[in-house]
Amino acid sequence: MTDTDTDTGAGALRTVPPPTTTTATTETETGAGTKAEAEAEATVPAVALCSPGSPASPASPASPASPAIAAPPGAAGPSDASGPPSASREATLPGAGLEGSAAGEHRRPQPRLYALDGLRLVAALMVACYHYGGRNGDIGRAWGTSPADQFPSASQVFSYGSLGVQIFFVISGFVICMSGWGRPLRSFFASRVARLYPAYWAAVVLVTLVFALPWVGYDAVSPSDALVNMTMLQEPLGAERVLGVDWTLWVELRFYVLFALFVVVPGATRGRVLMFCAAWTLAAAMARASGEPLPSIVLMPEHSAFFVGGIGLFLLYRDRRDAVAWGVVGISWLIGQKYAVDNLWHPADVPAFSYRSSLVIVLIVTAGFVAVGLVALGYLRWANWKWLTVAGALTYPFYLVHEHLGWVAVQLLHRTWEVPSAATFAGTLAGMLVLAWLLHRWVERPLTPWMKQALADTHRRQESATATGTRTAGSR
């Protein structure tokens, strides 16, 4: 993600016996649904950005992996770093016995990875700090002067917050691999749609309405462009964006499509996932070298390494002694840090708001990989505070609304009510978190399970109609 980007807008596992009980779960990429779901299940974002269920339970071959963010089993704990795996340990690995299986609809809940929820919120707050105090552009209009004048020292620190997006992409690779493992395409599709769109639609409507107010110093997009934004395809269609951060959601959508086509549809196995990682990495490098726009649009060379790195970390979550997965993570980190430096560093003689250190950029990217790695390897299981569940639930709606509505809040607090800069900054962050909670409570929690159920009912009706038609044809 460059300043220009943001300133323009926004081995095989043995089969195990089926569990005695199963429970339907959902993911936490955009936050838990009902309270009961939040206990049993587990972004960016989008930006995800843009956006993070429990892993595959040791179920029968007919049971898919749960996407909930869950703590690794005992096999992945810090005390198990060496020695051969026992039979019982191997049997409890996420996804055990699911290679090439047909996926069902129920999964056994696993302990939640609370630390991953917290990490998602940290990444979102990093991005918010960048948007409020780490760049020029529309936020400067809100402050009345450049953020560099408002925060002479902190503004340079805030400028590194844009790297929160790369951390989001690593988390997304981890969570989407978890979500798609052993799951049929229809279920994967329903989970993505139900997680992404309700809060997104609400954010698009809210920002459009607020920007239409006469006292707000920002122009709303045209009604036609606002409607196109509801599809989340405004980027390729050339429509003006309602949400500045939604470019990251377009990146996420392309990742979902690639992962669905090459992993979910044929069925996730360790070998297939590794092949996907290798093929995407090489193809993205060739796309970059070709200079042709279409391959780069599809393969996203500047972002792919972060998603692939997250997928590799999920493979380590399943088996920390997977040497090939370690290689995937290492290569992804090497490539990812290069793209981050290329996008964010520039010489001191180039006019710019900030002059980031290439070393600091590499260190922040490294910290993101290490943080997700510590979660994957079980070193952060001690961070099991319940409030982190709430933090994870707020991340996606906060990410969606914080930028553009943050401009309005800063303008109102600082320029209209003359609230000091530091208090305005803190108050705007707090206000956006409150708004995110309201969106989660009144939009995501009721609409996400409803939409997922509606999509499931539609599929069942289609299956029933197909079965009825087959029996009728066979009786003739």
# chains A, B, ... in the order shown; residues from 1 in each chain; ligands from 1
call {"tool": "residues_around", "arguments": {"residues": "range 349-359 of chain A", "least_positions_apart": "3", "cutoff": "12 Å", "atoms": "only C-alpha atoms", "output": "number ranges by chain"}}
result
A: 2-4, 7, 130, 133-137, 140, 146-149, 152-163, 337-346, 362-366
call {"tool": "residues_around", "arguments": {"residues": "His414 in chain A", "least_positions_apart": "5", "cutoff": "7 Å", "atoms": "only C-alpha atoms", "output": "list in words"}}
result
Trp143, Val419, Pro420, Ser421 and Thr424 of chain A
call {"tool": "closest_residue", "arguments": {"among": "A:Thr145, A:Ser464, A:Ser304, A:Thr389", "to": "Arg112 in chain A", "atoms": "only C-alpha atoms"}}
result
A:Thr389
call {"tool": "residues_around", "arguments": {"residues": "range 209-215 of chain A", "least_positions_apart": "5", "cutoff": "10 Å", "atoms": "only C-alpha atoms", "output": "PDB file with N, CA, C and O atoms, in the first residue's frame"}}
result
ATOM      1  N   ALA A 203     -22.058   0.439   6.247  1.00  0.00           N
ATOM      2  CA  ALA A 203     -21.041   1.489   6.222  1.00  0.00           C
ATOM      3  C   ALA A 203     -21.175   2.351   4.977  1.00  0.00           C
ATOM      4  O   ALA A 203     -21.048   3.588   5.047  1.00  0.00           O
ATOM      5  N   VAL A 204     -21.424   1.747   3.830  1.00  0.00           N
ATOM      6  CA  VAL A 204     -21.592   2.512   2.594  1.00  0.00           C
ATOM      7  C   VAL A 204     -22.779   3.463   2.714  1.00  0.00           C
ATOM      8  O   VAL A 204     -22.688   4.657   2.366  1.00  0.00           O
ATOM      9  N   ALA A 220     -20.413  13.816  -1.215  1.00  0.00           N
ATOM     10  CA  ALA A 220     -20.850  12.434  -1.399  1.00  0.00           C
ATOM     11  C   ALA A 220     -20.656  12.040  -2.855  1.00  0.00           C
ATOM     12  O   ALA A 220     -20.671  12.883  -3.752  1.00  0.00           O
ATOM     13  N   VAL A 221     -20.467  10.745  -3.101  1.00  0.00           N
ATOM     14  CA  VAL A 221     -20.357  10.267  -4.478  1.00  0.00           C
ATOM     15  C   VAL A 221     -21.731  10.332  -5.129  1.00  0.00           C
ATOM     16  O   VAL A 221     -22.763  10.506  -4.459  1.00  0.00           O
ATOM     17  N   VAL A 242     -16.876   4.982  -2.036  1.00  0.00           N
ATOM     18  CA  VAL A 242     -17.501   5.583  -0.860  1.00  0.00           C
ATOM     19  C   VAL A 242     -16.577   5.461   0.339  1.00  0.00           C
ATOM     20  O   VAL A 242     -16.442   6.399   1.131  1.00  0.00           O
ATOM     21  N   HIS A 404     -13.414   7.808   6.694  1.00  0.00           N
ATOM     22  CA  HIS A 404     -14.217   8.931   6.228  1.00  0.00           C
ATOM     23  C   HIS A 404     -15.026   9.581   7.348  1.00  0.00           C
ATOM     24  O   HIS A 404     -15.117  10.817   7.417  1.00  0.00           O
ATOM     25  N   LEU A 405     -15.643   8.779   8.192  1.00  0.00           N
ATOM     26  CA  LEU A 405     -16.378   9.383   9.303  1.00  0.00           C
ATOM     27  C   LEU A 405     -15.429   9.992  10.315  1.00  0.00           C
ATOM     28  O   LEU A 405     -15.803  10.920  11.041  1.00  0.00           O
ATOM     29  N   VAL A 408     -14.971  13.598   9.473  1.00  0.00           N
ATOM     30  CA  VAL A 408     -16.075  14.420   9.954  1.00  0.00           C
ATOM     31  C   VAL A 408     -15.945  14.673  11.449  1.00  0.00           C
ATOM     32  O   VAL A 408     -16.153  15.799  11.930  1.00  0.00           O
ATOM     33  N   LEU A 412     -15.447  18.324  13.268  1.00  0.00           N
ATOM     34  CA  LEU A 412     -16.409  18.794  14.264  1.00  0.00           C
ATOM     35  C   LEU A 412     -15.735  19.094  15.598  1.00  0.00           C
ATOM     36  O   LEU A 412     -15.953  20.163  16.196  1.00  0.00           O
TER      37      LEU A 412
END
call {"tool": "residues_around", "arguments": {"residues": "Leu315 in chain A", "least_positions_apart": "6", "cutoff": "8 Å", "atoms": "only C-alpha atoms", "output": "list in words"}}
result
Arg270, Asp322 and Ala325 of chain A
call {"tool": "closest_residue", "arguments": {"among": "A:His440, A:Ser224, A:Arg254, A:Ile176", "to": "Glu240 in chain A", "atoms": "only C-alpha atoms"}}
result
A:Ser224
call {"tool": "closest_residue", "arguments": {"among": "A:Ala465, A:Ala279, A:Ala454, A:Ala409", "to": "Arg141 in chain A", "atoms": "only C-alpha atoms"}}
result
A:Ala409
call {"tool": "select_by_dssp", "arguments": {"residues": "range 222-465 of chain A", "states": "alpha helix (DSSP H)", "output": "number ranges by chain"}}
result
A: 223-229, 234-237, 246-259, 270-290, 293-299, 301-318, 323-344, 358-376, 387-410, 421-439, 445-465
call {"tool": "closest_residue", "arguments": {"among": "A:Cys277, A:Gln166, A:Arg186, A:Val122", "to": "Asp457 in chain A", "atoms": "only C-alpha atoms"}}
result
A:Arg186
call {"tool": "closest_atom_pairs", "arguments": {"of": "range 346-403 of chain A", "to": "range 170-173 of chain A", "cutoff": "8 Å", "atoms": "only C-alpha atoms", "output": "tab-separated table"}}
result
residue	atom	partner	partner_atom	distance
A:Gly368	CA	A:Val170	CA	7.6
A:Phe369	CA	A:Val170	CA	7.0
A:Val372	CA	A:Ile171	CA	6.8
call {"tool": "write_last_selection", "arguments": {"atoms": "all heavy atoms", "output": "short mmCIF file (atom, residue, chain, number, x, y, z; two decimals), in the first residue's frame"}}
result
data_model
loop_
_atom_site.label_atom_id
_atom_site.label_comp_id
_atom_site.auth_asym_id
_atom_site.auth_seq_id
_atom_site.Cartn_x
_atom_site.Cartn_y
_atom_site.Cartn_z
N GLY A 368 4.84 -8.40 12.30
CA GLY A 368 3.54 -8.95 11.94
C GLY A 368 3.60 -10.44 11.70
O GLY A 368 2.74 -11.20 12.18
N PHE A 369 4.59 -10.91 10.94
CA PHE A 369 4.76 -12.34 10.71
C PHE A 369 5.02 -13.07 12.02
O PHE A 369 4.44 -14.15 12.28
CB PHE A 369 5.92 -12.59 9.74
CG PHE A 369 5.55 -12.55 8.28
CD1 PHE A 369 5.42 -11.34 7.62
CD2 PHE A 369 5.33 -13.72 7.58
CE1 PHE A 369 5.09 -11.30 6.27
CE2 PHE A 369 4.99 -13.70 6.23
CZ PHE A 369 4.87 -12.47 5.57
N VAL A 372 1.72 -13.34 14.27
CA VAL A 372 0.81 -14.40 13.82
C VAL A 372 1.45 -15.77 14.03
O VAL A 372 0.77 -16.74 14.38
CB VAL A 372 0.43 -14.20 12.34
CG1 VAL A 372 -0.55 -15.29 11.88
CG2 VAL A 372 -0.22 -12.82 12.14
#
call {"tool": "closest_residue", "arguments": {"among": "A:Ala124, A:Leu249, A:Ile311, A:Leu435", "to": "Pro236 in chain A", "atoms": "only C-alpha atoms"}}
result
A:Leu249
call {"tool": "residues_around", "arguments": {"residues": "Gly327 in chain A", "least_positions_apart": "4", "cutoff": "12 Å", "atoms": "only C-alpha atoms", "output": "ChimeraX atom specification"}}
result
/A:274,277-278,308-309,311-313,315-316,320-323,331-334
call {"tool": "closest_residue", "arguments": {"among": "A:Thr281, A:Thr269, A:Asn229, A:Thr416", "to": "Val205 in chain A", "atoms": "only C-alpha atoms"}}
result
A:Asn229
call {"tool": "residues_around", "arguments": {"residues": "Lys386 in chain A", "least_positions_apart": "3", "cutoff": "10 Å", "atoms": "only C-alpha atoms", "output": "list of chain:residue names"}}
result
A:Glu39, A:Arg112, A:Tyr114, A:Ala383, A:Thr389, A:Val390, A:Ala391
call {"tool": "residues_around", "arguments": {"residues": "Leu261 in chain A", "least_positions_apart": "2", "cutoff": "12 Å", "atoms": "only C-alpha atoms", "output": "ChimeraX atom specification"}}
result
/A:180,184-185,188-189,254-259,263-268,272-273,276
